[in-house]
>>> print(open('coords13.pdb').read())   # PDB, C-alpha atoms and all ligand atoms
ATOM      1  CA  MET A   1       2.301 -14.950   4.192  1.00  0.00           C
ATOM      2  CA  ILE A   2       2.578 -11.694   2.243  1.00  0.00           C
ATOM      3  CA  VAL A   3       0.640  -8.476   2.860  1.00  0.00           C
ATOM      4  CA  ASP A   4      -0.268  -6.207  -0.054  1.00  0.00           C
ATOM      5  CA  THR A   5      -0.188  -2.927   1.870  1.00  0.00           C
ATOM      6  CA  HIS A   6      -1.594  -0.826  -0.968  1.00  0.00           C
ATOM      7  CA  CYS A   7      -4.194  -1.817  -3.536  1.00  0.00           C
ATOM      8  CA  HIS A   8      -7.179  -0.212  -5.237  1.00  0.00           C
ATOM      9  CA  ILE A   9      -9.420  -3.223  -5.690  1.00  0.00           C
ATOM     10  CA  ASN A  10     -12.151  -0.698  -4.881  1.00  0.00           C
ATOM     11  CA  THR A  11     -11.944   0.606  -8.485  1.00  0.00           C
ATOM     12  CA  LYS A  12     -14.151  -0.317 -11.415  1.00  0.00           C
ATOM     13  CA  ALA A  13     -11.266  -2.358 -12.889  1.00  0.00           C
ATOM     14  CA  PHE A  14     -12.259  -5.111 -10.424  1.00  0.00           C
ATOM     15  CA  ASP A  15     -16.054  -4.908 -10.675  1.00  0.00           C
ATOM     16  CA  GLN A  16     -16.330  -8.048 -12.791  1.00  0.00           C
ATOM     17  CA  ASP A  17     -14.067 -10.541 -11.051  1.00  0.00           C
ATOM     18  CA  LEU A  18     -13.128  -9.459  -7.540  1.00  0.00           C
ATOM     19  CA  ASN A  19     -13.908 -12.859  -6.002  1.00  0.00           C
ATOM     20  CA  GLU A  20     -11.467 -14.552  -8.371  1.00  0.00           C
ATOM     21  CA  VAL A  21      -8.843 -11.842  -7.830  1.00  0.00           C
ATOM     22  CA  ILE A  22      -8.956 -12.353  -4.058  1.00  0.00           C
ATOM     23  CA  LYS A  23      -8.926 -16.133  -4.464  1.00  0.00           C
ATOM     24  CA  ARG A  24      -5.860 -15.940  -6.720  1.00  0.00           C
ATOM     25  CA  ALA A  25      -4.123 -13.648  -4.221  1.00  0.00           C
ATOM     26  CA  ILE A  26      -4.667 -16.141  -1.395  1.00  0.00           C
ATOM     27  CA  GLU A  27      -3.339 -18.949  -3.626  1.00  0.00           C
ATOM     28  CA  LEU A  28      -0.191 -16.844  -4.148  1.00  0.00           C
ATOM     29  CA  ASP A  29       0.145 -16.448  -0.368  1.00  0.00           C
ATOM     30  CA  VAL A  30      -1.110 -12.849  -0.312  1.00  0.00           C
ATOM     31  CA  SER A  31      -3.835 -13.308   2.268  1.00  0.00           C
ATOM     32  CA  LYS A  32      -4.051  -9.770   3.658  1.00  0.00           C
ATOM     33  CA  MET A  33      -4.608  -6.609   1.624  1.00  0.00           C
ATOM     34  CA  ILE A  34      -5.071  -2.961   2.475  1.00  0.00           C
ATOM     35  CA  VAL A  35      -7.672  -1.352   0.239  1.00  0.00           C
ATOM     36  CA  VAL A  36      -6.873   2.328  -0.191  1.00  0.00           C
ATOM     37  CA  GLY A  37      -9.472   5.054  -0.718  1.00  0.00           C
ATOM     38  CA  MET A  38      -8.951   8.207  -2.792  1.00  0.00           C
ATOM     39  CA  ASP A  39     -12.271  10.066  -2.799  1.00  0.00           C
ATOM     40  CA  SER A  40     -15.812   9.663  -1.466  1.00  0.00           C
ATOM     41  CA  TYR A  41     -16.841   6.988  -3.940  1.00  0.00           C
ATOM     42  CA  HIS A  42     -13.753   4.836  -3.340  1.00  0.00           C
ATOM     43  CA  ASN A  43     -13.792   5.397   0.427  1.00  0.00           C
ATOM     44  CA  ASP A  44     -17.375   4.125   0.607  1.00  0.00           C
ATOM     45  CA  LYS A  45     -16.470   1.202  -1.633  1.00  0.00           C
ATOM     46  CA  THR A  46     -13.528   0.415   0.675  1.00  0.00           C
ATOM     47  CA  ILE A  47     -15.880   0.124   3.639  1.00  0.00           C
ATOM     48  CA  GLU A  48     -18.183  -2.150   1.643  1.00  0.00           C
ATOM     49  CA  LEU A  49     -15.285  -4.461   0.698  1.00  0.00           C
ATOM     50  CA  ILE A  50     -13.712  -4.721   4.134  1.00  0.00           C
ATOM     51  CA  GLU A  51     -17.105  -5.640   5.541  1.00  0.00           C
ATOM     52  CA  THR A  52     -17.492  -8.365   2.911  1.00  0.00           C
ATOM     53  CA  TYR A  53     -14.109 -10.110   2.859  1.00  0.00           C
ATOM     54  CA  ASP A  54     -11.830 -11.460   5.581  1.00  0.00           C
ATOM     55  CA  GLY A  55      -8.231 -10.381   5.198  1.00  0.00           C
ATOM     56  CA  LEU A  56      -9.151  -7.004   3.746  1.00  0.00           C
ATOM     57  CA  TYR A  57      -8.477  -3.801   5.681  1.00  0.00           C
ATOM     58  CA  GLY A  58      -9.101  -0.215   4.707  1.00  0.00           C
ATOM     59  CA  ALA A  59      -7.355   3.128   4.399  1.00  0.00           C
ATOM     60  CA  ILE A  60      -9.558   6.197   4.191  1.00  0.00           C
ATOM     61  CA  GLY A  61      -8.477   9.531   2.757  1.00  0.00           C
ATOM     62  CA  ILE A  62      -8.421  11.959  -0.122  1.00  0.00           C
ATOM     63  CA  HIS A  63      -5.786  11.526  -2.818  1.00  0.00           C
ATOM     64  CA  PRO A  64      -3.865  14.721  -3.667  1.00  0.00           C
ATOM     65  CA  CYS A  65      -5.256  14.498  -7.223  1.00  0.00           C
ATOM     66  CA  ASP A  66      -8.810  14.538  -5.823  1.00  0.00           C
ATOM     67  CA  VAL A  67      -8.657  17.531  -3.484  1.00  0.00           C
ATOM     68  CA  GLU A  68     -10.651  19.776  -5.831  1.00  0.00           C
ATOM     69  CA  HIS A  69     -13.869  17.826  -5.400  1.00  0.00           C
ATOM     70  CA  ALA A  70     -13.387  16.306  -1.984  1.00  0.00           C
ATOM     71  CA  ASP A  71     -15.271  16.476   1.279  1.00  0.00           C
ATOM     72  CA  PHE A  72     -12.737  16.025   4.063  1.00  0.00           C
ATOM     73  CA  ASN A  73     -15.393  15.896   6.773  1.00  0.00           C
ATOM     74  CA  ALA A  74     -16.995  12.859   5.147  1.00  0.00           C
ATOM     75  CA  ILE A  75     -13.942  10.731   5.884  1.00  0.00           C
ATOM     76  CA  ILE A  76     -13.908  11.349   9.633  1.00  0.00           C
ATOM     77  CA  PRO A  77     -16.759   9.018  10.709  1.00  0.00           C
ATOM     78  CA  LEU A  78     -15.260   6.216   8.584  1.00  0.00           C
ATOM     79  CA  LEU A  79     -12.034   6.276  10.615  1.00  0.00           C
ATOM     80  CA  ASP A  80     -13.850   4.693  13.548  1.00  0.00           C
ATOM     81  CA  HIS A  81     -14.546   1.511  11.575  1.00  0.00           C
ATOM     82  CA  LYS A  82     -12.807  -1.442  13.228  1.00  0.00           C
ATOM     83  CA  LYS A  83     -11.164  -2.590   9.980  1.00  0.00           C
ATOM     84  CA  VAL A  84      -9.933   0.851   8.942  1.00  0.00           C
ATOM     85  CA  VAL A  85      -6.206   0.714   9.679  1.00  0.00           C
ATOM     86  CA  ALA A  86      -4.799   3.867   8.065  1.00  0.00           C
ATOM     87  CA  VAL A  87      -5.431   7.423   6.903  1.00  0.00           C
ATOM     88  CA  GLY A  88      -4.775   7.881   3.173  1.00  0.00           C
ATOM     89  CA  GLU A  89      -3.870   8.025   0.642  1.00  0.00           C
ATOM     90  CA  THR A  90      -2.766  11.576   1.042  1.00  0.00           C
ATOM     91  CA  GLY A  91       0.339  13.551   0.090  1.00  0.00           C
ATOM     92  CA  ILE A  92       1.447  15.748  -2.779  1.00  0.00           C
ATOM     93  CA  ASP A  93       1.328  15.093  -6.529  1.00  0.00           C
ATOM     94  CA  LEU A  94       3.053  17.538  -8.862  1.00  0.00           C
ATOM     95  CA  TYR A  95       2.954  15.260 -11.888  1.00  0.00           C
ATOM     96  CA  TRP A  96      -0.713  15.686 -12.800  1.00  0.00           C
ATOM     97  CA  ASP A  97      -1.440  19.172 -11.471  1.00  0.00           C
ATOM     98  CA  LYS A  98       0.937  21.812 -10.173  1.00  0.00           C
ATOM     99  CA  THR A  99      -1.633  24.624 -10.013  1.00  0.00           C
ATOM    100  CA  ASN A 100      -3.273  23.627  -6.729  1.00  0.00           C
ATOM    101  CA  LEU A 101      -0.204  22.945  -4.597  1.00  0.00           C
ATOM    102  CA  ASP A 102      -1.480  25.135  -1.738  1.00  0.00           C
ATOM    103  CA  LYS A 103      -4.691  23.168  -1.532  1.00  0.00           C
ATOM    104  CA  GLN A 104      -2.811  19.859  -1.686  1.00  0.00           C
ATOM    105  CA  LYS A 105      -0.570  21.024   1.154  1.00  0.00           C
ATOM    106  CA  ALA A 106      -3.556  22.079   3.259  1.00  0.00           C
ATOM    107  CA  TYR A 107      -5.199  18.686   2.751  1.00  0.00           C
ATOM    108  CA  PHE A 108      -2.004  16.817   3.539  1.00  0.00           C
ATOM    109  CA  ILE A 109      -1.719  18.697   6.842  1.00  0.00           C
ATOM    110  CA  LYS A 110      -5.357  17.891   7.675  1.00  0.00           C
ATOM    111  CA  HIS A 111      -4.633  14.190   7.058  1.00  0.00           C
ATOM    112  CA  ILE A 112      -1.481  14.277   9.196  1.00  0.00           C
ATOM    113  CA  GLU A 113      -3.347  15.871  12.077  1.00  0.00           C
ATOM    114  CA  ILE A 114      -6.283  13.504  11.912  1.00  0.00           C
ATOM    115  CA  SER A 115      -3.911  10.516  11.786  1.00  0.00           C
ATOM    116  CA  ILE A 116      -2.292  11.676  15.021  1.00  0.00           C
ATOM    117  CA  LYS A 117      -5.681  12.261  16.623  1.00  0.00           C
ATOM    118  CA  TYR A 118      -6.933   8.773  15.678  1.00  0.00           C
ATOM    119  CA  ASN A 119      -3.547   7.114  16.247  1.00  0.00           C
ATOM    120  CA  LEU A 120      -3.589   5.656  12.740  1.00  0.00           C
ATOM    121  CA  PRO A 121      -0.653   5.436  10.321  1.00  0.00           C
ATOM    122  CA  LEU A 122      -0.548   7.594   7.198  1.00  0.00           C
ATOM    123  CA  ILE A 123      -0.278   6.285   3.648  1.00  0.00           C
ATOM    124  CA  ILE A 124       1.621   8.954   1.764  1.00  0.00           C
ATOM    125  CA  HIS A 125       1.669   9.446  -2.004  1.00  0.00           C
ATOM    126  CA  THR A 126       4.321  11.558  -3.705  1.00  0.00           C
ATOM    127  CA  ARG A 127       5.006  12.031  -7.375  1.00  0.00           C
ATOM    128  CA  ASP A 128       7.631  14.552  -8.465  1.00  0.00           C
ATOM    129  CA  SER A 129       7.073  16.023  -5.011  1.00  0.00           C
ATOM    130  CA  PHE A 130       9.233  14.283  -2.430  1.00  0.00           C
ATOM    131  CA  ASN A 131      10.726  17.500  -1.046  1.00  0.00           C
ATOM    132  CA  GLU A 132       7.388  19.276  -0.768  1.00  0.00           C
ATOM    133  CA  ALA A 133       5.850  16.339   1.142  1.00  0.00           C
ATOM    134  CA  TYR A 134       8.935  15.803   3.288  1.00  0.00           C
ATOM    135  CA  GLU A 135       9.094  19.448   4.394  1.00  0.00           C
ATOM    136  CA  ILE A 136       5.473  19.259   5.515  1.00  0.00           C
ATOM    137  CA  ILE A 137       5.797  16.049   7.490  1.00  0.00           C
ATOM    138  CA  LYS A 138       9.238  16.635   9.001  1.00  0.00           C
ATOM    139  CA  PRO A 139       8.027  18.785  11.925  1.00  0.00           C
ATOM    140  CA  TYR A 140       5.778  15.901  13.000  1.00  0.00           C
ATOM    141  CA  LYS A 141       8.721  13.537  13.526  1.00  0.00           C
ATOM    142  CA  GLY A 142       8.060  11.253  16.485  1.00  0.00           C
ATOM    143  CA  LYS A 143       4.312  11.929  16.351  1.00  0.00           C
ATOM    144  CA  VAL A 144       3.430  10.392  12.990  1.00  0.00           C
ATOM    145  CA  LYS A 145       3.817   6.863  11.704  1.00  0.00           C
ATOM    146  CA  GLY A 146       3.217   5.551   8.231  1.00  0.00           C
ATOM    147  CA  VAL A 147       4.635   4.750   4.830  1.00  0.00           C
ATOM    148  CA  PHE A 148       5.807   6.592   1.739  1.00  0.00           C
ATOM    149  CA  HIS A 149       4.075   4.264  -0.679  1.00  0.00           C
ATOM    150  CA  ALA A 150       5.361   3.323  -4.170  1.00  0.00           C
ATOM    151  CA  PHE A 151       8.596   5.022  -3.249  1.00  0.00           C
ATOM    152  CA  SER A 152      10.196   6.612  -6.320  1.00  0.00           C
ATOM    153  CA  SER A 153      12.764   9.095  -5.052  1.00  0.00           C
ATOM    154  CA  SER A 154      16.504   8.786  -4.315  1.00  0.00           C
ATOM    155  CA  LEU A 155      18.410   6.703  -1.773  1.00  0.00           C
ATOM    156  CA  GLU A 156      19.186   9.893   0.134  1.00  0.00           C
ATOM    157  CA  ASP A 157      15.450  10.636   0.374  1.00  0.00           C
ATOM    158  CA  ALA A 158      14.732   7.048   1.446  1.00  0.00           C
ATOM    159  CA  LEU A 159      17.143   7.525   4.342  1.00  0.00           C
ATOM    160  CA  LYS A 160      15.290  10.711   5.344  1.00  0.00           C
ATOM    161  CA  VAL A 161      12.036   8.732   5.462  1.00  0.00           C
ATOM    162  CA  ILE A 162      13.664   6.078   7.635  1.00  0.00           C
ATOM    163  CA  ASP A 163      15.026   8.788   9.916  1.00  0.00           C
ATOM    164  CA  LEU A 164      11.446   9.988  10.451  1.00  0.00           C
ATOM    165  CA  GLY A 165      10.578   6.433  11.549  1.00  0.00           C
ATOM    166  CA  LEU A 166       8.412   5.833   8.503  1.00  0.00           C
ATOM    167  CA  TYR A 167       8.432   2.885   6.097  1.00  0.00           C
ATOM    168  CA  ILE A 168       9.354   2.654   2.420  1.00  0.00           C
ATOM    169  CA  GLY A 169       6.663   1.035   0.244  1.00  0.00           C
ATOM    170  CA  ILE A 170       8.106  -1.118  -2.537  1.00  0.00           C
ATOM    171  CA  GLY A 171       5.916  -2.072  -5.501  1.00  0.00           C
ATOM    172  CA  GLY A 172       6.033  -3.518  -8.992  1.00  0.00           C
ATOM    173  CA  VAL A 173       8.408  -0.871 -10.357  1.00  0.00           C
ATOM    174  CA  VAL A 174      11.259  -2.719  -8.599  1.00  0.00           C
ATOM    175  CA  THR A 175      10.874  -5.515 -11.178  1.00  0.00           C
ATOM    176  CA  PHE A 176      11.413  -3.149 -14.131  1.00  0.00           C
ATOM    177  CA  PRO A 177      14.840  -3.525 -15.743  1.00  0.00           C
ATOM    178  CA  LYS A 178      15.441   0.244 -15.776  1.00  0.00           C
ATOM    179  CA  ALA A 179      14.543   0.833 -12.111  1.00  0.00           C
ATOM    180  CA  GLU A 180      18.178   1.073 -11.052  1.00  0.00           C
ATOM    181  CA  THR A 181      17.710   3.659  -8.302  1.00  0.00           C
ATOM    182  CA  LEU A 182      14.917   1.698  -6.655  1.00  0.00           C
ATOM    183  CA  LYS A 183      16.955  -1.514  -6.832  1.00  0.00           C
ATOM    184  CA  GLU A 184      19.861   0.337  -5.222  1.00  0.00           C
ATOM    185  CA  ILE A 185      17.565   1.541  -2.417  1.00  0.00           C
ATOM    186  CA  VAL A 186      16.280  -1.992  -1.811  1.00  0.00           C
ATOM    187  CA  LYS A 187      19.828  -3.283  -1.705  1.00  0.00           C
ATOM    188  CA  HIS A 188      20.984  -0.616   0.703  1.00  0.00           C
ATOM    189  CA  ILE A 189      18.179  -0.353   3.268  1.00  0.00           C
ATOM    190  CA  SER A 190      17.187  -3.004   5.778  1.00  0.00           C
ATOM    191  CA  LEU A 191      14.071  -5.122   5.273  1.00  0.00           C
ATOM    192  CA  ASP A 192      12.973  -3.765   8.656  1.00  0.00           C
ATOM    193  CA  HIS A 193      12.037  -0.497   6.929  1.00  0.00           C
ATOM    194  CA  MET A 194      10.158  -1.954   3.971  1.00  0.00           C
ATOM    195  CA  LEU A 195       6.574  -2.774   3.121  1.00  0.00           C
ATOM    196  CA  LEU A 196       5.437  -4.579  -0.029  1.00  0.00           C
ATOM    197  CA  GLU A 197       2.545  -3.419  -2.188  1.00  0.00           C
ATOM    198  CA  THR A 198       1.050  -3.564  -5.658  1.00  0.00           C
ATOM    199  CA  ASP A 199      -0.914  -0.294  -6.105  1.00  0.00           C
ATOM    200  CA  SER A 200      -3.263  -2.494  -8.188  1.00  0.00           C
ATOM    201  CA  PRO A 201      -4.576  -1.978 -10.841  1.00  0.00           C
ATOM    202  CA  TYR A 202      -1.510   0.184 -11.639  1.00  0.00           C
ATOM    203  CA  LEU A 203       2.275  -0.443 -11.744  1.00  0.00           C
ATOM    204  CA  THR A 204       2.074  -4.102 -12.728  1.00  0.00           C
ATOM    205  CA  PRO A 205       5.297  -6.043 -12.094  1.00  0.00           C
ATOM    206  CA  VAL A 206       7.186  -8.189 -14.573  1.00  0.00           C
ATOM    207  CA  PRO A 207       6.109 -10.787 -15.826  1.00  0.00           C
ATOM    208  CA  PHE A 208       2.654  -9.198 -16.196  1.00  0.00           C
ATOM    209  CA  ARG A 209       3.763  -5.651 -17.030  1.00  0.00           C
ATOM    210  CA  GLY A 210       1.243  -3.935 -19.312  1.00  0.00           C
ATOM    211  CA  LYS A 211      -1.711  -5.906 -17.938  1.00  0.00           C
ATOM    212  CA  ARG A 212      -3.972  -5.068 -14.994  1.00  0.00           C
ATOM    213  CA  ASN A 213      -2.182  -5.428 -11.681  1.00  0.00           C
ATOM    214  CA  GLU A 214      -3.754  -7.406  -8.821  1.00  0.00           C
ATOM    215  CA  PRO A 215      -2.825  -8.084  -5.173  1.00  0.00           C
ATOM    216  CA  GLY A 216      -1.493 -11.613  -5.809  1.00  0.00           C
ATOM    217  CA  TYR A 217       1.338 -10.084  -7.805  1.00  0.00           C
ATOM    218  CA  THR A 218       2.879  -8.791  -4.573  1.00  0.00           C
ATOM    219  CA  LYS A 219       4.503 -12.222  -4.754  1.00  0.00           C
ATOM    220  CA  TYR A 220       6.657 -11.057  -7.707  1.00  0.00           C
ATOM    221  CA  VAL A 221       7.662  -7.905  -5.837  1.00  0.00           C
ATOM    222  CA  CYS A 222       8.636 -10.091  -2.887  1.00  0.00           C
ATOM    223  CA  GLU A 223      10.728 -12.394  -5.080  1.00  0.00           C
ATOM    224  CA  MET A 224      12.554  -9.483  -6.720  1.00  0.00           C
ATOM    225  CA  VAL A 225      13.367  -7.913  -3.344  1.00  0.00           C
ATOM    226  CA  GLY A 226      14.782 -11.274  -2.227  1.00  0.00           C
ATOM    227  CA  LYS A 227      16.858 -11.525  -5.387  1.00  0.00           C
ATOM    228  CA  ILE A 228      18.286  -8.010  -4.959  1.00  0.00           C
ATOM    229  CA  LYS A 229      19.105  -8.552  -1.281  1.00  0.00           C
ATOM    230  CA  ASP A 230      20.276 -12.116  -1.805  1.00  0.00           C
ATOM    231  CA  VAL A 231      17.911 -13.555   0.784  1.00  0.00           C
ATOM    232  CA  SER A 232      15.062 -16.029   0.342  1.00  0.00           C
ATOM    233  CA  SER A 233      11.638 -14.704  -0.558  1.00  0.00           C
ATOM    234  CA  GLU A 234      10.374 -16.387   2.638  1.00  0.00           C
ATOM    235  CA  VAL A 235      12.552 -14.059   4.682  1.00  0.00           C
ATOM    236  CA  VAL A 236      11.301 -11.040   2.721  1.00  0.00           C
ATOM    237  CA  ALA A 237       7.682 -12.163   3.137  1.00  0.00           C
ATOM    238  CA  LYS A 238       8.063 -12.770   6.873  1.00  0.00           C
ATOM    239  CA  THR A 239       9.911  -9.543   7.687  1.00  0.00           C
ATOM    240  CA  THR A 240       7.735  -7.251   5.581  1.00  0.00           C
ATOM    241  CA  SER A 241       4.484  -8.785   6.818  1.00  0.00           C
ATOM    242  CA  ASP A 242       5.697  -8.435  10.400  1.00  0.00           C
ATOM    243  CA  ASN A 243       6.314  -4.755   9.577  1.00  0.00           C
ATOM    244  CA  ALA A 244       2.815  -4.431   8.124  1.00  0.00           C
ATOM    245  CA  HIS A 245       1.216  -6.111  11.140  1.00  0.00           C
ATOM    246  CA  LYS A 246       3.104  -3.828  13.471  1.00  0.00           C
ATOM    247  CA  LEU A 247       2.414  -0.589  11.604  1.00  0.00           C
ATOM    248  CA  PHE A 248      -1.255  -1.210  10.830  1.00  0.00           C
ATOM    249  CA  GLY A 249      -2.067  -3.253  13.950  1.00  0.00           C
ATOM    250  CA  LEU A 250      -3.561  -6.000  11.800  1.00  0.00           C
ATOM    251  CA  GLU A 251      -3.514  -8.621  14.578  1.00  0.00           C
ATOM    252  CA  GLN A 252      -5.883  -6.677  16.785  1.00  0.00           C
ATOM    253  CA  LYS A 253      -8.207  -6.031  13.850  1.00  0.00           C
ATOM    254  CA  ILE A 254      -9.134  -9.591  12.853  1.00  0.00           C
TER
HETATM  255 ZN    ZN B   1      -2.542   4.293  -4.574  1.00  0.00          ZN
END
>>> encode(input="coords13.pdb", output="structure tokens", more="lines below")
Ligand SMILES: [Zn+2]
Amino acid sequence: MIVDTHCHINTKAFDQDLNEVIKRAIELDVSKMIVVGMDSYHNDKTIELIETYDGLYGAIGIHPCDVEHADFNAIIPLLDHKKVVAVGETGIDLYWDKTNLDKQKAYFIKHIEISIKYNLPLIIHTRDSFNEAYEIIKPYKGKVKGVFHAFSSSLEDALKVIDLGLYIGIGGVVTFPKAETLKEIVKHISLDHMLLETDSPYLTPVPFRGKRNEPGYTKYVCEMVGKIKDVSSEVVAKTTSDNAHKLFGLEQKI
């Protein structure tokens, strides 16, 4: 069994065929998925989906690209939901907008503190911003748990994440021929520190690159990780889903 620890099947890209998408995922052995919120609309949609489908769990938070029109207080009551397993996604994004870094930092800190208060892991997004996010979270070492999702920084930075006791989220980019750094990271670090994800509908792996991504394609991420590490994809699936169960407490949430 494989867990897709990060998908946005709460977006309009899935309005037409979500039942089929979830069915296909289960056929590909991806029977648990974490649906990640980004703003009020998608957080509410996350709650609706996790109440409708077995095997779906939620993360509630405000994406760093959405801090300008976000209501942080609105997320707090949703964290009590029994199938909400994480706070996020949160973090820092300097790819789309560098002008509001102070606000992004303030929101990231709010998310970190609420995750500690609710004893929930954090789902952290960074883009062109690893150092900024790392400097903020570093003082919370030992108090926070979570994942740097769709990891895209260096091996050295991956080791810093592991030193904080956090996980590295590996997605479809690992299947891209030019993703040499990410392949090197996967080769070097232990499976014990990895989670698999799709970030659907984005970052579609080979052989579907260019099309809409969907949770079932975590299978291709799993196979590529196995190939790089020279272990069977069963071992990758088992170890990374054990990690996901442990981090997000999925067993207790069924
Ligand atoms: Zn995401």
>>> residues_near_point(input="coords13.pdb", point="(-17.3, -0.4, 0.1)", cutoff="12 Å", atoms="only C-alpha atoms", output="number ranges by chain")
A: 8-12, 15, 35-37, 39-53, 56-60, 78, 81, 83-84
>>> atom_distance(input="coords13.pdb", atom1="CA of Gly210 (chain A)", atom2="CA of Ile34 (chain A)")
22.7 Å
>>> residues_near_ligand(input="coords13.pdb", ligand="ligand ZN 1 (chain B)", cutoff="8 Å", atoms="only C-alpha atoms and all ligand atoms", output="CSV table (one decimal) with C-alpha atoms, in the frame of the given file")
chain,number,residue,atom,x,y,z
A,6,HIS,CA,-1.6,-0.8,-1.0
A,7,CYS,CA,-4.2,-1.8,-3.5
A,8,HIS,CA,-7.2,-0.2,-5.2
A,36,VAL,CA,-6.9,2.3,-0.2
A,37,GLY,CA,-9.5,5.1,-0.7
A,38,MET,CA,-9.0,8.2,-2.8
A,89,GLU,CA,-3.9,8.0,0.6
A,125,HIS,CA,1.7,9.4,-2.0
A,149,HIS,CA,4.1,4.3,-0.7
A,150,ALA,CA,5.4,3.3,-4.2
A,199,ASP,CA,-0.9,-0.3,-6.1
A,200,SER,CA,-3.3,-2.5,-8.2
>>> resolve_selection(input="coords13.pdb", expression="the PyMOL selection byres (((chain A and resi 168) around 6) and not hetatm)", output="VMD selection string")
chain A and resid 147 to 148 167 169 194
>>> resolve_selection(input="coords13.pdb", expression="the PyMOL selection byres (((chain A and resi 213) around 6) and not hetatm)", output="PyMOL selection string")
chain A and resi 200-202+204+212+214
>>> atom_distance(input="coords13.pdb", atom1="CA of Cys65 (chain A)", atom2="CA of Asp93 (chain A)")
6.6 Å
>>> residues_around(input="coords13.pdb", residues="Ile76 (chain A)", least_positions_apart="4", cutoff="10 Å", atoms="all atoms listed in the file", output="NGL selection string")
:A and (60-61 or 71-72 or 80 or 87 or 114 or 118)
>>> residues_around(input="coords13.pdb", residues="His188 (chain A)", least_positions_apart="5", cutoff="9 Å", atoms="all atoms listed in the file", output="compact mmCIF listing (two decimals) with C-alpha atoms, in the coordinates of the input")
# COMPACT_ATOMS: atom_id res chain seq x y z
CA LEU A 155 18.41 6.70 -1.77
CA LYS A 183 16.95 -1.51 -6.83
CA LYS A 229 19.10 -8.55 -1.28
>>> closest_residue(input="coords13.pdb", among="A:Thr181, A:Leu203, A:Ile228, A:Thr90", to="Glu156 (chain A)", atoms="only C-alpha atoms")
A:Thr181
